[in-house]
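> Provided herewith: target22.tsv, TSV, C-alpha atoms.
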```tsv
chain	number	residue	atom	x	y	z
A	208	MET	CA	14.02	32.60	19.19
A	209	MET	CA	16.31	29.79	20.37
A	210	GLN	CA	18.93	30.75	17.74
A	211	TYR	CA	18.90	34.37	18.86
A	212	SER	CA	19.41	33.34	22.51
A	213	ARG	CA	22.38	31.12	21.55
A	214	HIS	CA	24.14	33.99	19.79
A	215	SER	CA	23.42	36.29	22.70
A	216	LEU	CA	24.87	33.76	25.11
A	217	ILE	CA	28.04	33.45	23.02
A	218	GLY	CA	28.43	37.25	23.03
A	219	VAL	CA	27.88	37.44	26.75
A	220	CYS	CA	30.48	34.70	27.37
A	221	ALA	CA	33.01	36.42	25.13
A	222	THR	CA	32.48	39.66	26.94
A	223	LEU	CA	32.80	37.89	30.28
A	224	PHE	CA	36.09	36.23	29.29
A	225	PHE	CA	37.44	39.60	28.07
A	226	VAL	CA	36.51	41.26	31.34
A	227	LEU	CA	38.05	38.41	33.35
A	228	GLY	CA	41.24	38.76	31.29
A	229	LEU	CA	41.43	42.45	32.07
A	230	CYS	CA	40.93	41.74	35.78
A	231	ALA	CA	43.69	39.11	35.77
A	232	THR	CA	46.05	41.53	34.03
A	233	ALA	CA	45.25	44.29	36.51
A	234	GLN	CA	45.76	41.88	39.42
A	235	ALA	CA	49.10	40.71	38.05
A	236	GLY	CA	50.17	44.32	37.68
A	237	SER	CA	49.17	45.10	41.25
A	238	LEU	CA	51.27	42.23	42.54
A	239	ALA	CA	54.41	43.38	40.77
A	240	PRO	CA	57.17	44.16	43.28
A	241	LEU	CA	57.48	47.80	44.20
A	242	GLN	CA	60.63	49.57	43.13
A	243	THR	CA	62.86	50.08	46.17
A	244	PRO	CA	63.86	53.72	46.29
A	245	GLN	CA	67.60	54.20	46.10
A	246	LYS	CA	69.18	55.34	49.32
A	247	THR	CA	70.71	58.76	49.20
A	248	THR	CA	74.04	58.89	50.93
A	249	LEU	CA	74.60	62.21	52.63
A	250	THR	CA	78.20	63.28	52.39
A	251	THR	CA	79.70	65.77	54.78
A	252	SER	CA	82.99	67.54	54.50
A	253	ALA	CA	85.80	66.30	56.70
A	254	ALA	CA	86.43	68.49	59.72
A	255	ARG	CA	89.65	70.46	60.18
A	256	ILE	CA	91.21	72.04	63.25
A	257	THR	CA	93.61	74.94	62.91
A	258	PHE	CA	95.83	76.31	65.67
A	259	ARG	CA	97.39	79.70	65.21
A	260	ARG	CA	99.66	81.60	67.57
A	261	ILE	CA	100.96	85.12	66.99
A	262	PHE	CA	103.57	86.30	69.45
A	263	LYS	CA	105.39	89.40	68.28
A	264	SER	CA	109.06	89.87	69.19
A	265	SER	CA	109.46	86.15	69.86
A	266	THR	CA	111.05	83.42	67.79
A	267	PRO	CA	109.06	82.26	65.96
A	268	GLU	CA	106.43	84.98	65.85
A	269	LEU	CA	103.87	82.91	63.96
A	270	ILE	CA	102.87	79.28	64.27
A	271	GLU	CA	99.97	77.82	62.31
A	272	ILE	CA	99.07	74.14	62.09
A	273	THR	CA	96.04	72.59	60.38
A	274	VAL	CA	95.02	68.99	60.98
A	275	SER	CA	92.31	67.15	59.01
A	276	GLU	CA	90.12	64.49	60.56
A	277	ASP	CA	90.38	62.14	57.57
A	278	SER	CA	94.01	62.52	56.49
A	279	ASP	CA	97.47	61.84	57.92
A	280	THR	CA	98.75	64.86	56.01
A	281	ALA	CA	98.67	68.07	58.01
A	282	THR	CA	100.25	71.45	57.25
A	283	TYR	CA	102.43	73.75	59.29
A	284	GLU	CA	103.81	77.26	58.98
A	285	ILE	CA	106.48	78.50	61.39
A	286	ARG	CA	108.11	81.85	60.70
A	287	GLN	CA	108.67	85.47	61.64
A	288	LEU	CA	105.86	87.79	60.60
A	289	ASP	CA	108.07	89.61	58.09
A	290	ASP	CA	109.04	86.39	56.33
A	291	ASP	CA	107.26	85.22	53.21
A	292	PRO	CA	104.17	83.14	54.02
A	293	GLY	CA	104.03	79.51	53.04
A	294	SER	CA	102.96	76.23	54.60
A	295	ALA	CA	104.51	72.77	54.29
A	296	PRO	CA	103.06	69.27	54.76
A	297	PHE	CA	103.90	66.86	57.55
A	298	VAL	CA	102.37	63.70	58.98
A	299	VAL	CA	100.16	63.39	62.06
A	300	SER	CA	99.14	59.85	62.97
A	301	ALA	CA	95.52	58.69	63.17
A	302	GLY	CA	95.88	58.02	66.89
A	303	LEU	CA	97.03	61.54	67.72
A	304	ARG	CA	94.42	63.10	65.42
A	305	SER	CA	91.71	61.09	67.14
A	306	LYS	CA	92.81	62.49	70.49
A	307	MET	CA	92.89	66.04	69.13
A	308	PHE	CA	89.40	65.83	67.64
A	309	ALA	CA	88.07	64.25	70.84
A	310	LEU	CA	89.42	67.22	72.81
A	311	ALA	CA	87.84	69.60	70.30
A	312	GLY	CA	84.55	67.75	70.81
A	313	GLN	CA	84.82	68.29	74.57
A	314	LEU	CA	85.18	72.00	73.78
A	315	ASN	CA	82.00	71.97	71.65
A	316	HIS	CA	84.16	72.57	68.56
A	317	PHE	CA	84.97	76.04	69.95
A	318	GLN	CA	81.42	77.26	69.38
A	319	SER	CA	80.65	80.35	71.53
A	320	LEU	CA	83.60	79.39	73.74
A	321	ASP	CA	85.45	81.83	75.98
A	322	LEU	CA	88.70	80.23	77.13
A	323	ASP	CA	90.64	83.23	78.39
A	324	VAL	CA	91.14	83.74	82.12
A	325	HIS	CA	90.59	87.50	81.74
A	326	ARG	CA	93.23	88.37	84.29
A	327	LYS	CA	96.06	90.86	84.18
A	328	ILE	CA	98.91	88.60	83.17
A	329	ALA	CA	101.79	88.98	80.74
A	330	SER	CA	101.06	88.56	77.06
A	331	LEU	CA	101.85	85.00	76.01
A	332	GLY	CA	100.77	85.46	72.43
A	333	GLU	CA	97.33	85.47	70.86
A	334	LYS	CA	96.21	81.88	70.33
A	335	THR	CA	93.36	80.77	68.11
A	336	PHE	CA	91.54	77.45	67.82
A	337	ARG	CA	89.45	77.19	64.66
A	338	TRP	CA	86.98	74.45	63.64
A	339	GLU	CA	85.93	74.08	60.00
A	340	GLN	CA	83.52	71.57	58.51
A	341	GLY	CA	81.95	72.52	55.22
A	342	ALA	CA	80.35	75.93	55.68
A	343	THR	CA	80.47	75.63	59.47
A	344	VAL	CA	83.23	77.64	61.11
A	345	TYR	CA	83.81	78.30	64.82
A	346	GLU	CA	86.84	79.83	66.48
A	347	THR	CA	87.99	81.16	69.82
A	348	LYS	CA	90.95	83.34	70.79
A	349	PHE	CA	92.79	83.52	74.09
A	350	ASN	CA	96.03	84.54	75.76
A	351	TYR	CA	96.03	82.06	78.63
A	352	THR	CA	93.51	79.44	79.73
A	353	LEU	CA	92.90	77.15	82.68
A	354	ASN	CA	90.51	74.90	80.76
A	355	GLY	CA	91.86	71.35	80.97
A	356	ALA	CA	90.83	70.11	77.51
A	357	ALA	CA	92.04	73.34	75.87
A	358	THR	CA	95.38	73.10	77.69
A	359	GLN	CA	95.89	69.53	76.47
A	360	LEU	CA	95.05	70.50	72.88
A	361	LEU	CA	97.37	73.51	73.12
A	362	GLN	CA	100.24	71.33	74.36
A	363	ILE	CA	99.78	68.94	71.44
A	364	PHE	CA	99.80	71.72	68.86
A	365	GLU	CA	102.77	73.49	70.42
A	366	GLY	CA	104.57	70.15	70.69
A	367	LEU	CA	103.98	69.47	67.00
A	368	ALA	CA	105.37	72.92	66.21
A	369	ARG	CA	108.53	72.25	68.25
A	370	GLN	CA	108.89	68.90	66.57
A	371	GLN	CA	108.77	70.48	63.11
A	372	GLU	CA	111.18	73.21	64.22
A	373	HIS	CA	113.68	70.53	65.24
A	374	ALA	CA	113.25	68.81	61.87
A	375	GLU	CA	113.83	72.08	59.99
A	376	ILE	CA	116.88	73.05	62.06
A	377	LEU	CA	118.51	69.63	61.75
A	378	SER	CA	117.87	69.56	57.98
A	379	ARG	CA	119.31	73.04	57.55
A	380	ARG	CA	122.41	72.34	59.58
A	381	MET	CA	123.09	69.12	57.71
A	382	LYS	CA	123.33	71.24	54.55
A	383	TYR	CA	124.95	74.44	55.78
A	384	ASP	CA	126.35	74.06	59.31
A	385	ARG	CA	127.48	70.54	60.13
A	386	LEU	CA	129.43	71.73	63.14
A	387	GLY	CA	126.20	73.08	64.64
A	388	ILE	CA	124.36	69.76	64.43
A	389	ASN	CA	125.43	68.62	67.90
A	390	ASP	CA	123.91	71.71	69.56
A	391	ALA	CA	120.69	71.21	67.64
A	392	LEU	CA	120.58	67.57	68.73
A	393	MET	CA	121.05	68.58	72.36
A	394	GLN	CA	117.97	70.84	72.17
A	395	CYS	CA	115.97	68.09	70.53
A	396	GLU	CA	117.13	65.61	73.16
A	397	MET	CA	116.01	67.90	76.00
A	398	ASP	CA	112.53	68.37	74.51
A	399	PHE	CA	112.20	64.63	74.01
A	400	SER	CA	113.25	63.84	77.59
A	401	ARG	CA	110.65	66.35	78.87
A	402	GLY	CA	107.90	64.67	76.85
A	403	MET	CA	107.30	67.76	74.74
A	404	LEU	CA	107.35	66.04	71.35
A	405	PRO	CA	104.02	64.31	70.56
A	406	GLU	CA	105.38	62.04	67.82
A	407	PRO	CA	109.19	61.99	68.01
A	408	GLN	CA	109.32	58.94	65.72
A	409	SER	CA	108.83	61.35	62.82
A	410	LEU	CA	112.42	62.52	63.46
A	411	LEU	CA	113.92	59.05	63.07
A	412	PRO	CA	114.80	59.30	59.36
A	413	LEU	CA	116.81	62.47	60.05
A	414	LEU	CA	118.49	61.01	63.12
A	415	ASP	CA	119.43	57.84	61.23
A	416	GLN	CA	120.83	59.94	58.40
A	417	ILE	CA	122.96	61.97	60.80
A	418	GLY	CA	124.08	58.87	62.67
A	419	GLY	CA	125.34	57.28	59.48
A	420	ASP	CA	126.99	60.31	57.87
A	421	SER	CA	130.79	60.04	58.10
A	422	HIS	CA	131.15	63.74	57.22
A	423	ILE	CA	129.56	64.74	60.55
A	424	VAL	CA	131.65	64.90	63.72
A	425	ASP	CA	131.56	61.71	65.73
A	426	ILE	CA	130.04	63.25	68.88
A	427	ALA	CA	126.99	64.39	66.89
A	428	ARG	CA	126.70	61.05	65.11
A	429	GLN	CA	126.77	59.22	68.43
A	430	ARG	CA	124.22	61.60	69.97
A	431	ALA	CA	121.88	61.07	67.00
A	432	ARG	CA	122.15	57.29	67.29
A	433	THR	CA	121.51	57.38	71.05
A	434	LEU	CA	118.47	59.63	70.66
A	435	ALA	CA	117.09	57.43	67.90
A	436	GLU	CA	117.48	54.39	70.13
A	437	HIS	CA	115.62	56.12	72.98
A	438	ILE	CA	112.79	57.07	70.63
A	439	ARG	CA	112.49	53.53	69.29
A	440	HIS	CA	112.70	51.92	72.71
A	441	PRO	CA	111.41	54.40	75.32
A	442	LYS	CA	111.82	53.37	78.91
```
Could you express the structure from this file as structure tokens?


Amino acid sequence: MMQYSRHSLIGVCATLFFVLGLCATAQAGSLAPLQTPQKTTLTTSAARITFRRIFKSSTPELIEITVSEDSDTATYEIRQLDDDPGSAPFVVSAGLRSKMFALAGQLNHFQSLDLDVHRKIASLGEKTFRWEQGATVYETKFNYTLNGAATQLLQIFEGLARQQEHAEILSRRMKYDRLGINDALMQCEMDFSRGMLPEPQSLLPLLDQIGGDSHIVDIARQRARTLAEHIRHPK
């Protein structure tokens, strides 16, 4: 009887130790650090603003400029409607882009926006502001507006267009009409003095090239150097 009880006690103890071992293992497992879920980074497409103006029987008849929020490289297209389509790149600084996108924000990114004055005035060309971000697209069209933020944005876009026109004309005349460079510089000089060119420093490489080209008449070379100096050191 005593021997049977001793064996039973040994079995009970073994069972108890086994159960305690299982409990310890389960407890250790429950204290293991939880896996931190990886954060999912939501990516959104960069926003773009496009300005388009169509004004038939004018020169130019079409202007289209697209500026991206995350890139210095913008595109422009300036031509007559009958000309072959095609855009070209140019640079718009981060500071100017920031101002442009801030103005677009004030205009609710052109969503359900009516800018036109709806009065009987002369046609000044159909203008379009367009906002694109991923699949989201808003746009508004107008002939003339009194909205302050829209007017500022319009002046910037039209100024960029004039700036690129000056660059194209100067480049063309350097190749094909050197005697016409002085007249082109005079037009550029007038627009600069009126504050119509948003980033005239983009013209400096061309002006420096003209100013240093001995094959160009001296009056044009001097005008180019003077204009470049005014751009670098505005009063």

> So for region 405-424 of chain A, what box centre and size do we get, axis-aligned, 8 Å extra on each of the six sides, every listed atom, Å to one decimal, as JSON?


```
{"center_x": 117.8, "center_y": 61.1, "center_z": 63.9, "size_x": 43.6, "size_y": 23.6, "size_z": 29.3}
```

> For a quick check of understanding, using all atoms listed in the file, which of A:Ile285, A:Leu413, A:Leu269, A:Ala356 has the smallest distance to Leu310 (chain A)?

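So, comparing all the options, the nearest one is A:Ala356.
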
> (113.3, 67.2, 62.3) in this file's frame - what residues fall within 9 Å of it? Use all atoms listed in the file and give the answer as a list in words.

Gln370, Gln371, Glu372, His373, Ala374, Glu375, Ile376, Leu377, Ser378, Cys395, Pro407, Ser409, Leu410, Leu411, Pro412, Leu413 and Leu414 of chain A

> Out of A:Pro441, A:Gly418, A:Pro405, A:Gly312, which residue has the shortest atom-to-atom distance to Ala357 (chain A) when counting only C-alpha atoms?

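The answer is A:Gly312, which sits nearest to Ala357 (chain A).
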
> Here is a test: counting all atoms listed in the file, which residue of A:Phe308, A:Tyr351, A:His437, A:Glu396 is nearest to Trp338 (chain A)?

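Using all atoms listed in the file, the shortest distance to Trp338 (chain A) belongs to A:Phe308.
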